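For reference, model-v1.cif (mmCIF, C-alpha atoms):
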data_run
loop_
_atom_site.label_atom_id
_atom_site.label_comp_id
_atom_site.auth_asym_id
_atom_site.auth_seq_id
_atom_site.Cartn_x
_atom_site.Cartn_y
_atom_site.Cartn_z
CA MET J 23 81.72 103.37 112.58
CA ASN J 24 79.30 100.89 111.05
CA ILE J 25 81.47 98.22 109.43
CA ILE J 26 80.50 95.13 107.45
CA LEU J 27 83.36 92.63 107.30
CA LEU J 28 83.09 90.14 104.46
CA SER J 29 84.26 86.74 105.70
CA GLY J 30 84.04 84.16 102.95
CA GLY J 31 86.45 81.93 101.10
CA SER J 32 86.46 78.24 100.36
CA GLY J 33 89.69 77.49 102.22
CA LYS J 34 91.80 76.20 99.33
CA ARG J 35 94.83 78.49 99.28
CA LEU J 36 96.15 77.77 102.80
CA TRP J 37 95.46 74.04 102.72
CA PRO J 38 95.82 71.85 104.75
CA LEU J 39 95.16 74.23 107.65
CA SER J 40 92.24 75.86 105.86
CA ASN J 41 89.13 74.11 104.55
CA ASP J 42 85.45 74.89 103.88
CA VAL J 43 84.82 75.21 107.62
CA ARG J 44 88.06 76.95 108.65
CA SER J 45 89.12 79.57 106.12
CA LYS J 46 92.43 81.41 106.39
CA GLN J 47 91.01 84.16 108.64
CA PHE J 48 90.55 81.66 111.49
CA ILE J 49 94.07 80.18 111.53
CA LYS J 50 96.05 81.44 114.54
CA LEU J 51 99.45 82.40 113.16
CA PHE J 52 99.78 85.98 114.46
CA LYS J 53 100.60 87.09 118.00
CA HIS J 54 99.40 89.77 120.40
CA ASN J 55 100.80 89.99 123.94
CA ASP J 56 102.54 86.63 123.34
CA GLU J 57 99.21 84.92 122.61
CA TYR J 58 98.43 83.48 119.18
CA GLU J 59 95.55 85.15 117.38
CA SER J 60 93.80 84.68 114.05
CA MET J 61 93.24 87.21 111.29
CA VAL J 62 89.63 87.84 112.36
CA GLN J 63 90.72 88.38 115.98
CA ARG J 64 93.49 90.73 114.85
CA VAL J 65 91.15 92.75 112.62
CA TYR J 66 88.50 93.06 115.36
CA ARG J 67 91.17 94.22 117.83
CA GLN J 68 92.53 96.81 115.37
CA ILE J 69 89.11 98.26 114.52
CA THR J 70 88.10 98.62 118.17
CA THR J 71 91.49 100.18 118.98
CA VAL J 72 90.85 102.88 116.37
CA ASP J 73 87.16 103.26 117.29
CA ALA J 74 86.04 101.71 120.58
CA ASP J 75 82.38 102.34 119.64
CA ALA J 76 82.56 100.70 116.22
CA LYS J 77 79.58 98.50 115.35
CA ILE J 78 80.99 95.46 113.56
CA THR J 79 78.85 93.02 111.59
CA ILE J 80 80.47 90.00 109.94
CA ALA J 81 78.78 88.70 106.81
CA THR J 82 79.66 85.03 106.50
CA SER J 83 78.53 81.62 105.37
CA LYS J 84 76.65 79.24 107.65
CA SER J 85 79.71 76.96 107.87
CA GLN J 86 81.89 79.73 109.34
CA ALA J 87 79.47 81.23 111.88
CA SER J 88 80.52 78.84 114.67
CA ALA J 89 84.21 79.65 114.20
CA ILE J 90 83.47 83.38 114.48
CA LYS J 91 81.49 82.82 117.69
CA ASN J 92 84.32 80.63 119.00
CA GLN J 93 86.94 83.32 118.38
CA LEU J 94 85.01 86.53 119.07
CA GLY J 95 82.22 85.38 121.37
CA GLU J 96 79.30 87.82 121.26
CA LYS J 97 81.47 90.86 120.47
CA ALA J 98 80.39 91.19 116.82
CA SER J 99 77.05 90.77 115.10
CA ILE J 100 76.92 87.95 112.56
CA CYS J 101 74.83 88.06 109.39
CA VAL J 102 74.70 84.47 108.14
CA GLU J 103 74.22 83.73 104.45
CA PRO J 104 72.12 80.57 103.97
CA CYS J 105 74.32 79.72 100.96
CA ARG J 106 77.12 81.37 98.95
CA ARG J 107 75.92 83.95 96.43
CA ASP J 108 78.94 86.25 95.83
CA THR J 109 79.52 89.73 97.25
CA PHE J 110 76.50 91.74 96.04
CA PRO J 111 73.85 89.45 97.59
CA ALA J 112 76.02 89.15 100.73
CA ILE J 113 76.26 92.93 101.11
CA ALA J 114 72.56 93.43 100.32
CA LEU J 115 71.62 90.88 103.00
CA ALA J 116 73.97 92.50 105.52
CA ALA J 117 72.58 95.97 104.71
CA ALA J 118 69.03 94.75 105.28
CA TYR J 119 70.19 93.09 108.52
CA LEU J 120 71.72 96.37 109.76
CA HIS J 121 68.54 98.29 108.94
CA ASP J 122 65.84 95.82 110.03
CA GLU J 123 67.53 93.89 112.85
CA LEU J 124 70.04 96.37 114.32
CA GLY J 125 68.16 99.62 113.71
CA VAL J 126 70.80 101.44 111.63
CA THR J 127 69.05 104.33 109.83
CA GLU J 128 69.14 104.94 106.08
CA HIS J 129 71.08 108.19 106.58
CA GLU J 130 74.00 106.50 108.37
CA ALA J 131 77.13 105.57 106.45
CA VAL J 132 78.39 102.00 106.29
CA VAL J 133 81.85 100.75 105.28
CA VAL J 134 82.39 97.32 103.70
CA CYS J 135 85.83 95.70 104.10
CA PRO J 136 87.30 92.25 103.55
CA VAL J 137 88.17 90.50 106.82
CA ASP J 138 91.59 89.28 105.71
CA PRO J 139 94.12 92.06 104.92
CA TYR J 140 97.35 92.24 106.91
CA VAL J 141 97.58 95.94 107.82
CA ASP J 142 98.52 98.29 110.64
CA ASN J 143 96.08 100.57 112.47
CA THR J 144 96.50 103.40 109.93
CA TYR J 145 94.38 101.32 107.55
CA TYR J 146 91.40 101.44 109.92
CA GLU J 147 92.02 105.13 110.55
CA ALA J 148 91.61 105.52 106.79
CA VAL J 149 88.44 103.37 106.97
CA LYS J 150 87.09 105.83 109.55
CA THR J 151 87.87 108.70 107.17
CA LEU J 152 86.09 106.75 104.44
CA GLN J 153 82.91 106.63 106.53
CA GLU J 154 83.16 110.37 107.23
CA LEU J 155 83.47 111.07 103.49
CA ALA J 156 80.42 108.90 102.78
CA GLU J 157 78.44 110.76 105.45
CA GLN J 158 79.31 114.08 103.82
CA GLY J 159 77.62 112.85 100.63
CA GLY J 160 80.21 114.00 98.09
CA ALA J 161 79.44 110.89 96.03
CA ASN J 162 77.10 107.90 96.12
CA LEU J 163 80.04 105.54 96.60
CA THR J 164 83.36 106.23 98.30
CA LEU J 165 86.14 103.71 97.69
CA MET J 166 89.50 103.22 99.35
CA GLY J 167 92.26 102.56 96.83
CA ILE J 168 95.59 101.05 97.84
CA GLU J 169 98.71 102.86 96.65
CA PRO J 170 100.47 100.23 94.47
CA THR J 171 103.98 99.16 95.43
CA TYR J 172 104.63 97.40 92.11
CA PRO J 173 102.81 96.76 88.80
CA SER J 174 100.75 93.76 89.92
CA GLU J 175 98.71 91.38 87.77
CA LYS J 176 96.73 90.19 90.82
CA TYR J 177 94.47 93.20 91.35
CA GLY J 178 91.98 95.33 89.47
CA TYR J 179 92.80 99.04 89.21
CA ILE J 180 90.97 102.28 90.02
CA ILE J 181 91.95 105.15 87.72
CA PRO J 182 91.33 108.47 89.54
CA GLU J 183 90.82 111.82 87.83
CA SER J 184 93.77 113.24 89.80
CA GLY J 185 96.58 112.17 92.11
CA GLU J 186 95.05 114.00 95.09
CA ASN J 187 94.23 112.24 98.36
CA VAL J 188 90.50 112.25 97.52
CA SER J 189 89.53 112.23 93.86
CA LYS J 190 86.62 111.48 91.57
CA VAL J 191 87.00 108.13 89.83
CA LYS J 192 87.63 108.19 86.10
CA GLU J 193 87.32 104.47 85.34
CA PHE J 194 87.99 100.91 86.51
CA LYS J 195 90.31 98.38 84.90
CA GLU J 196 90.33 94.60 85.18
CA LYS J 197 93.42 92.66 86.27
CA PRO J 198 96.07 93.55 83.62
CA ASP J 199 99.37 92.11 82.48
CA VAL J 200 102.52 93.70 83.91
CA GLU J 201 103.14 96.09 81.02
CA THR J 202 99.57 97.39 81.12
CA ALA J 203 99.81 97.73 84.90
CA LYS J 204 102.88 99.98 84.45
CA LYS J 205 100.79 102.30 82.24
CA TYR J 206 98.08 102.41 84.92
CA LEU J 207 100.63 103.38 87.56
CA ALA J 208 101.67 106.31 85.37
CA GLN J 209 98.05 107.52 85.68
CA SER J 210 98.18 107.50 89.53
CA ALA J 211 96.15 104.28 89.54
CA LEU J 212 95.25 102.48 92.76
CA TRP J 213 94.67 98.83 93.57
CA ASN J 214 91.00 97.99 93.99
CA ALA J 215 90.91 96.01 97.25
CA GLY J 216 87.12 95.85 97.67
CA ILE J 217 86.75 98.57 100.33
CA PHE J 218 83.82 100.96 99.90
CA ALA J 219 81.43 103.15 101.85
CA PHE J 220 77.88 104.39 101.21
CA LYS J 221 74.83 105.64 103.02
CA LEU J 222 72.73 102.66 104.00
CA GLY J 223 69.70 103.99 102.14
CA TYR J 224 71.64 104.09 98.86
CA LEU J 225 72.50 100.41 99.04
CA LEU J 226 69.01 99.37 100.13
CA ASP J 227 67.53 101.27 97.17
CA LYS J 228 69.96 99.47 94.85
CA ALA J 229 69.06 96.12 96.37
CA HIS J 230 65.32 96.73 96.03
CA SER J 231 65.76 97.81 92.39
CA MET J 232 67.48 94.49 91.58
CA ILE J 233 65.78 92.05 93.98
CA ASP J 234 62.08 91.72 94.83
CA PHE J 235 62.02 91.54 98.66
CA GLU J 236 60.24 93.22 101.57
CA ASP J 237 62.75 93.14 104.42
CA TYR J 238 65.72 91.23 105.86
CA ARG J 239 63.77 88.10 106.77
CA ASP J 240 62.11 87.96 103.35
CA LEU J 241 65.48 88.38 101.63
CA PHE J 242 67.00 85.68 103.85
CA ASN J 243 64.24 83.23 102.96
CA LYS J 244 64.68 83.70 99.19
CA TYR J 245 68.49 84.04 99.29
CA ASP J 246 69.11 80.75 97.47
CA THR J 247 67.19 82.09 94.42
CA LEU J 248 69.46 85.14 94.00
CA THR J 249 71.84 85.46 91.08
CA LYS J 250 75.53 85.11 91.91
CA ILE J 251 77.10 88.47 91.09
CA SER J 252 79.90 90.56 92.58
CA PHE J 253 79.34 93.98 94.11
CA ASP J 254 81.77 95.45 91.57
CA TYR J 255 79.73 94.21 88.59
CA ALA J 256 76.29 94.83 90.12
CA VAL J 257 76.87 98.29 91.60
CA VAL J 258 80.32 99.87 91.28
CA GLU J 259 80.79 99.64 87.51
CA LYS J 260 77.31 101.07 86.87
CA GLU J 261 77.61 104.00 89.28
CA SER J 262 78.67 107.39 87.89
CA SER J 263 79.02 109.20 91.24
CA ILE J 264 82.15 107.65 92.81
CA GLN J 265 85.11 109.09 94.68
CA VAL J 266 88.23 107.35 95.95
CA LEU J 267 90.39 107.88 99.03
CA ARG J 268 94.08 107.11 98.49
CA TYR J 269 95.69 104.86 101.12
CA SER J 270 99.49 104.69 101.09
CA GLY J 271 100.11 102.72 104.28
CA GLY J 272 101.19 99.11 104.62
CA TRP J 273 98.80 96.54 103.11
CA LYS J 274 99.29 92.87 102.32
CA ASP J 275 96.94 90.28 100.90
CA VAL J 276 98.00 87.12 102.73
CA GLY J 277 96.08 84.77 100.47
CA THR J 278 98.91 82.30 99.86
CA TRP J 279 101.41 80.46 102.05
CA ASN J 280 104.22 82.48 100.49
CA MET J 281 102.65 85.75 101.68
CA MET J 282 101.54 84.30 105.03
CA ALA J 283 105.12 83.17 105.74
CA GLU J 284 106.23 86.82 105.52
CA VAL J 285 103.93 87.97 108.32
CA MET J 286 103.31 84.97 110.60
CA ALA J 287 104.63 85.52 114.12
CA ASP J 288 107.06 82.59 114.31
CA LYS J 289 109.12 80.66 111.78
CA THR J 290 107.68 77.44 113.21
CA LYS J 291 104.51 76.57 115.12
CA GLY J 292 103.92 73.17 116.66
CA LYS J 293 106.40 70.30 116.91
CA ALA J 294 109.11 71.19 114.39
CA ILE J 295 112.89 70.97 114.26
CA LEU J 296 114.98 72.72 111.59
CA ASP J 297 118.67 71.85 111.28
CA GLU J 298 121.31 74.53 110.85
CA THR J 299 121.36 74.15 107.04
CA CYS J 300 117.69 75.16 106.59
CA GLU J 301 117.11 78.58 105.03
CA ASN J 302 113.94 80.67 104.67
CA THR J 303 111.71 77.74 105.66
CA ASN J 304 108.49 77.88 107.68
CA VAL J 305 106.73 74.98 109.38
CA VAL J 306 103.21 74.91 110.83
CA ASN J 307 102.44 71.55 112.44
CA GLU J 308 99.04 70.80 114.01
CA LEU J 309 99.77 67.09 114.36
CA ASN J 310 100.95 65.59 117.62
CA ILE J 311 104.07 64.12 115.99
CA PRO J 312 107.31 65.98 115.24
CA ILE J 313 108.46 67.20 111.83
CA LEU J 314 112.22 67.25 111.21
CA CYS J 315 113.53 69.44 108.36
CA MET J 316 117.10 69.12 107.04
CA GLY J 317 118.61 71.19 104.27
CA CYS J 318 115.27 72.79 103.37
CA LYS J 319 115.51 76.07 101.47
CA ASP J 320 112.67 78.47 100.60
CA MET J 321 110.02 75.99 101.68
CA ILE J 322 106.67 75.95 103.44
CA ILE J 323 105.64 72.80 105.30
CA ALA J 324 102.16 72.60 106.81
CA ALA J 325 100.56 69.58 108.45
CA SER J 326 97.10 68.98 109.88
CA GLY J 327 94.56 66.17 110.10
CA ASP J 328 93.42 67.16 106.58
CA GLY J 329 96.80 66.52 104.95
CA ILE J 330 100.44 67.57 104.59
CA LEU J 331 101.84 70.25 102.28
CA ILE J 332 105.52 70.32 101.30
CA SER J 333 106.11 73.13 98.83
CA ASP J 334 108.58 75.62 97.45
CA LYS J 335 107.31 78.97 98.76
CA GLU J 336 106.88 80.58 95.36
CA ARG J 337 105.11 77.50 94.00
CA SER J 338 102.65 77.44 96.92
CA GLY J 339 100.64 80.19 95.24
CA TYR J 340 99.56 77.74 92.53
CA MET J 341 98.16 74.96 94.71
CA LYS J 342 94.41 75.62 94.44
CA PRO J 343 93.60 73.37 91.42
CA TYR J 344 95.49 70.49 93.04
CA VAL J 345 93.75 70.94 96.39
CA GLU J 346 90.38 70.88 94.60
CA LYS J 347 91.17 67.30 93.55
CA ILE J 348 91.54 66.23 97.19
CA GLU J 349 88.17 65.09 98.51
CA THR J 350 88.18 64.69 102.27
CA GLU J 351 85.86 65.75 105.06
CA ALA J 352 87.27 68.50 107.28
CA LYS J 353 89.05 66.86 110.21
CA TYR J 354 89.04 69.95 112.41
CA ALA J 355 86.33 72.51 113.09
CA GLU J 356 85.77 75.33 115.55
CA LYS J 357 82.34 75.35 117.14
CA SER J 358 80.66 78.07 119.20
CA TRP J 359 81.40 75.90 122.28
CA GLY J 360 84.95 74.73 121.49
CA THR J 361 86.69 72.48 118.95
CA TYR J 362 86.04 69.19 117.18
CA THR J 363 88.93 67.04 115.91
CA VAL J 364 88.51 63.78 113.95
CA ILE J 365 91.01 61.22 115.22
CA ASP J 366 90.09 58.10 113.24
CA VAL J 367 87.64 57.02 110.54
CA GLN J 368 86.76 53.37 109.90
CA PRO J 369 83.86 51.65 108.08
CA GLY J 370 80.98 51.97 110.54
CA SER J 371 82.73 54.26 113.03
CA MET J 372 84.33 57.66 113.52
CA THR J 373 86.34 58.73 116.58
CA VAL J 374 86.38 62.40 117.53
CA LYS J 375 88.01 64.48 120.26
CA VAL J 376 85.57 67.09 121.60
CA SER J 377 87.05 70.00 123.57
CA MET J 378 84.55 72.36 125.21
CA ARG J 379 85.20 75.62 127.03
CA ALA J 380 83.88 76.20 130.57
CA GLY J 381 80.30 77.45 130.77
CA GLU J 382 79.35 76.37 127.24
CA HIS J 383 76.78 73.95 125.87
CA MET J 384 76.01 72.14 122.63
CA THR J 385 72.63 72.37 120.93
CA TYR J 386 70.00 69.90 122.12
CA HIS J 387 69.89 67.44 119.23
CA MET J 388 69.57 63.85 118.06
CA HIS J 389 70.85 61.56 115.32
CA ASN J 390 68.66 59.09 113.46
CA TYR J 391 71.33 56.76 112.11
CA ARG J 392 74.13 56.55 114.65
CA GLU J 393 74.75 55.99 118.33
CA GLU J 394 77.52 57.72 120.25
CA VAL J 395 79.76 56.61 123.10
CA TRP J 396 81.26 59.43 125.17
CA THR J 397 84.31 58.98 127.38
CA VAL J 398 85.15 61.97 129.55
CA VAL J 399 88.93 62.54 129.52
CA SER J 400 89.03 65.61 131.74
CA GLY J 401 86.77 68.24 133.25
CA LYS J 402 83.28 68.48 134.76
CA GLY J 403 79.84 69.06 133.31
CA LYS J 404 76.48 67.42 132.86
CA ALA J 405 74.80 65.47 130.10
CA ILE J 406 71.10 65.82 129.32
CA VAL J 407 69.66 62.79 127.51
CA ASP J 408 65.95 62.81 126.69
CA GLY J 409 65.40 65.37 129.45
CA MET J 410 67.32 63.43 132.14
CA GLU J 411 70.41 65.05 133.67
CA GLN J 412 73.59 63.16 134.53
CA VAL J 413 76.77 64.58 136.07
CA LEU J 414 79.91 64.13 133.96
CA ARG J 415 83.31 63.60 135.57
CA THR J 416 86.69 62.36 134.36
CA GLY J 417 86.44 58.68 133.43
CA ASP J 418 82.65 58.60 132.94
CA VAL J 419 81.31 56.73 129.89
CA ILE J 420 77.86 57.38 128.42
CA THR J 421 76.18 55.66 125.47
CA ILE J 422 73.66 57.72 123.47
CA ALA J 423 71.36 55.53 121.37
CA ALA J 424 70.17 56.65 117.93
CA GLY J 425 67.00 58.72 118.28
CA CYS J 426 67.83 60.06 121.77
CA ARG J 427 67.90 63.82 122.26
CA HIS J 428 71.06 64.94 124.00
CA THR J 429 73.45 67.75 124.88
CA VAL J 430 76.41 68.53 127.12
CA LYS J 431 76.71 71.53 129.45
CA THR J 432 80.16 72.25 130.92
CA ILE J 433 81.11 73.48 134.38
CA THR J 434 84.88 73.50 133.74
CA ALA J 435 86.71 73.03 130.46
CA LEU J 436 85.85 69.50 129.34
CA ASP J 437 87.50 67.06 126.94
CA MET J 438 85.90 63.84 125.82
CA ILE J 439 86.38 61.17 123.19
CA GLU J 440 83.25 60.58 121.14
CA VAL J 441 82.96 57.34 119.15
CA GLN J 442 80.21 57.48 116.53
CA LEU J 443 78.86 54.09 115.47
CA GLY J 444 76.58 53.33 112.53
CA GLU J 445 76.43 52.35 108.88
CA GLU J 446 75.61 55.95 107.94
CA ILE J 447 77.71 58.61 109.69
CA SER J 448 77.08 62.07 108.26
CA VAL J 449 77.12 65.69 109.41
CA THR J 450 73.64 66.03 107.91
CA ASP J 451 72.23 63.45 110.37
CA LYS J 452 71.35 66.00 113.03
CA ILE J 453 68.00 67.35 114.18
CA LYS J 454 67.98 70.27 116.66
CA PHE J 455 65.37 70.83 119.37
CA PRO J 456 64.66 73.54 121.96
CA MET J 457 65.91 72.68 125.44
CA GLU J 458 63.33 70.87 127.58
#

Can the structure from this file be put into structure tokens for me?
Amino acid sequence: MNIILLSGGSGKRLWPLSNDVRSKQFIKLFKHNDEYESMVQRVYRQITTVDADAKITIATSKSQASAIKNQLGEKASICVEPCRRDTFPAIALAAAYLHDELGVTEHEAVVVCPVDPYVDNTYYEAVKTLQELAEQGGANLTLMGIEPTYPSEKYGYIIPESGENVSKVKEFKEKPDVETAKKYLAQSALWNAGIFAFKLGYLLDKAHSMIDFEDYRDLFNKYDTLTKISFDYAVVEKESSIQVLRYSGGWKDVGTWNMMAEVMADKTKGKAILDETCENTNVVNELNIPILCMGCKDMIIAASGDGILISDKERSGYMKPYVEKIETEAKYAEKSWGTYTVIDVQPGSMTVKVSMRAGEHMTYHMHNYREEVWTVVSGKGKAIVDGMEQVLRTGDVITIAAGCRHTVKTITALDMIEVQLGEEISVTDKIKFPME
């Protein structure tokens, strides 16, 4: 299979664990072989279980690329969007990437899926069938529709011409009210979950007809000039040759804490104590202090360095507009080399815990407006400062002046406390260089 996984999201609906850097697909709340795993790790594992030879490309924003590398390593290809431009530009860029960078031919079929459904392996078996249908060329677009379990107002609907397993599509409907949804269900309607397959050449032709570009690199360079438009509006609703595959297996959109609580591996994660009077309450605590719950019923409690949520489960689905009013920098981020946790912020300083995996290295970079003081808490490695190497061991302290090029390479897993000092401390104050 050739699969494009769309990994986007602004990280509002699972706050405070999710943010612009760590969207819901990177939060480790599931389990496999007694080890916690994230949604993106779970999805990758499921796809490769169904098809060990699957070629997986993740289309994502620049801010999420490091988290994907942290969690998947080099297992999947990553097509990075320079900025957010909705699903049609993202899919067009990924299609050009597959063709021009990975050598996928125009005659091969490609399936596009979201990265965040909670499903069993039968879903990806259906995705494989979807690719086979697209290869057969019965229609320009082949969609997978989810068999509805209730008349939902949350999803758009696909109205098929028949109730057969594979059918031509009659029409699409926007998100309805409940009564209208009931009428759709009487017509064998399916939820539109944004899963579709096509021959690569079809999508590239569509992209070229709507965007003036030569190849992947040209499209990447002019990406910020593209119009924000969804794939549904740009392509699906204008296409007359569409068929749909009916999927009746388990499928959940875990976009809210209420839904996540239904599928997360444990009732609590982190330091949490629930007394015997608590009912239907979940706690996820990333802080290094305990949370005690007494008499809590139907609640979700989530705590991280970004904030604390205490909510009725049903009400948690309506938190987005309130979270948008909270303006804070992300206090936790996954990098390609490990993790970065903000411990303290003061005027003129920021204190960060840096945890690096063995055998990793940061980019070689410098800051114009701040100096850094590193204290090695554990592990071994070496620092390179302006081309000079220095061994790092537990207890070592190094000061990096503003304007000095520097990096860290690890031998073992390494933890250090980094104190940033300066009147202007910003993530934008970073210039990268090739290693000397």

Just say which residues the PyMOL selection byres ((chain J and resi 336-346) around 8) picks in this file, as a PDB file with C-alpha atoms, keeping the file's coordinate frame.
ATOM      1  CA  LYS J  34      91.800  76.200  99.330  1.00  0.00           C
ATOM      2  CA  ARG J  35      94.830  78.490  99.280  1.00  0.00           C
ATOM      3  CA  TRP J  37      95.460  74.040 102.720  1.00  0.00           C
ATOM      4  CA  THR J 278      98.910  82.300  99.860  1.00  0.00           C
ATOM      5  CA  TRP J 279     101.410  80.460 102.050  1.00  0.00           C
ATOM      6  CA  ASN J 280     104.220  82.480 100.490  1.00  0.00           C
ATOM      7  CA  ILE J 322     106.670  75.950 103.440  1.00  0.00           C
ATOM      8  CA  SER J 333     106.110  73.130  98.830  1.00  0.00           C
ATOM      9  CA  ASP J 334     108.580  75.620  97.450  1.00  0.00           C
ATOM     10  CA  LYS J 335     107.310  78.970  98.760  1.00  0.00           C
ATOM     11  CA  LYS J 347      91.170  67.300  93.550  1.00  0.00           C
ATOM     12  CA  ILE J 348      91.540  66.230  97.190  1.00  0.00           C
ATOM     13  CA  GLU J 349      88.170  65.090  98.510  1.00  0.00           C
TER      14      GLU J 349
END

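Atom CA of J:Leu267 is positioned 10.7 Å from atom CA of J:Ala156.
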
**Report entry** Å distance separating atom CA of J:Ala76 from atom CA of J:Phe52, one decimal place
**Finding:**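 Computing the Euclidean distance for atom CA of J:Ala76 and atom CA of J:Phe52 yields 22.7 Å.
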
query: Of the candidates J:Gly370, J:Pro198, J:Gly223, J:Gly185, which one gets nearest to J:Val132 if we count all atoms listed in the file?
result: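 Smallest separation from J:Val132 among the options: J:Gly223.
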
Q | One-decimal distance in Å that lies between atom CA of J:Ile181 and atom CA of J:Phe218 | A |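 So the answer is 15.2 Å.
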
With distances taken over all atoms listed in the file, the candidate from J:Ile217, J:Val398, J:Ile365, J:Leu36 nearest J:Val258 is J:Ile217

Let me know the residues the PyMOL selection byres ((chain J and resi 219-222) around 9) catches in the file above, as a ChimeraX atom specification.
/J:117-118,120-121,126-135,149,152-153,155-157,159,161-166,217-218,223-227

Given the file shown, enumerate the residues that the PyMOL selection byres ((chain J and resi 243-246) around 10) captures and present them as a compact mmCIF listing (two decimals) with C-alpha atoms, in the frame of the given file.
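The result, stored in expr_38.txt:
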# COMPACT_ATOMS: atom_id res chain seq x y z
CA GLU J 103 74.22 83.73 104.45
CA PRO J 104 72.12 80.57 103.97
CA CYS J 105 74.32 79.72 100.96
CA ARG J 106 77.12 81.37 98.95
CA ARG J 107 75.92 83.95 96.43
CA PRO J 111 73.85 89.45 97.59
CA ALA J 112 76.02 89.15 100.73
CA LEU J 115 71.62 90.88 103.00
CA ILE J 233 65.78 92.05 93.98
CA ASP J 234 62.08 91.72 94.83
CA PHE J 235 62.02 91.54 98.66
CA TYR J 238 65.72 91.23 105.86
CA ARG J 239 63.77 88.10 106.77
CA ASP J 240 62.11 87.96 103.35
CA LEU J 241 65.48 88.38 101.63
CA PHE J 242 67.00 85.68 103.85
CA THR J 247 67.19 82.09 94.42
CA LEU J 248 69.46 85.14 94.00
CA THR J 249 71.84 85.46 91.08
CA LYS J 250 75.53 85.11 91.91

Item to complete: Excluding J:Lys404 and residues on its chain fewer than 3 positions from it, collect all residues at most 6 Å away from it, counting only C-alpha atoms, and give them as a VMD selection string.
Response: chain J and resid 412 to 414 430 to 431

Practice task
Using all atoms listed in the file, determine which residues lie at most 7 Å from J:Glu196, disregarding the query and same-chain residues fewer than 2 positions distant; provide the list as a list of chain:residue names.
Solution key: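 Those residues are J:Gly178, J:Tyr179, J:Phe194, J:Pro198.
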
Which residues of stretch 292-317 of chain J sit at most 10 Å from stretch 327-331 of chain J, using all atoms listed in the file? Give each one's shortest atom pair and distance in Å (one decimal place), in chain and ascending residue order, as a Markdown table.
| residue | atom | partner | partner_atom | distance |
| --- | --- | --- | --- | --- |
| J:Val305 | CA | J:Leu331 | CA | 9.8 |
| J:Val306 | CA | J:Leu331 | CA | 9.8 |
| J:Asn307 | CA | J:Ile330 | CA | 9.0 |
| J:Glu308 | CA | J:Gly327 | CA | 7.5 |
| J:Leu309 | CA | J:Gly327 | CA | 6.8 |
| J:Asn310 | CA | J:Gly327 | CA | 9.9 |

Kindly save the residues from that selection, with C-alpha atoms included, as an mmCIF file, in the coordinates of the input.
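New file again12.cif:
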data_model
loop_
_atom_site.group_PDB
_atom_site.id
_atom_site.type_symbol
_atom_site.label_atom_id
_atom_site.label_comp_id
_atom_site.auth_asym_id
_atom_site.auth_seq_id
_atom_site.Cartn_x
_atom_site.Cartn_y
_atom_site.Cartn_z
ATOM 1 C CA VAL J 305 106.730 74.980 109.380
ATOM 2 C CA VAL J 306 103.210 74.910 110.830
ATOM 3 C CA ASN J 307 102.440 71.550 112.440
ATOM 4 C CA GLU J 308 99.040 70.800 114.010
ATOM 5 C CA LEU J 309 99.770 67.090 114.360
ATOM 6 C CA ASN J 310 100.950 65.590 117.620
#

Would you please work out which residue, of J:Gly95, J:Pro173, J:Gly160, J:Pro136, is nearest to J:Val65 when using only C-alpha atoms?
->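 Once distances to J:Val65 are computed over only C-alpha atoms, the minimum belongs to J:Pro136.
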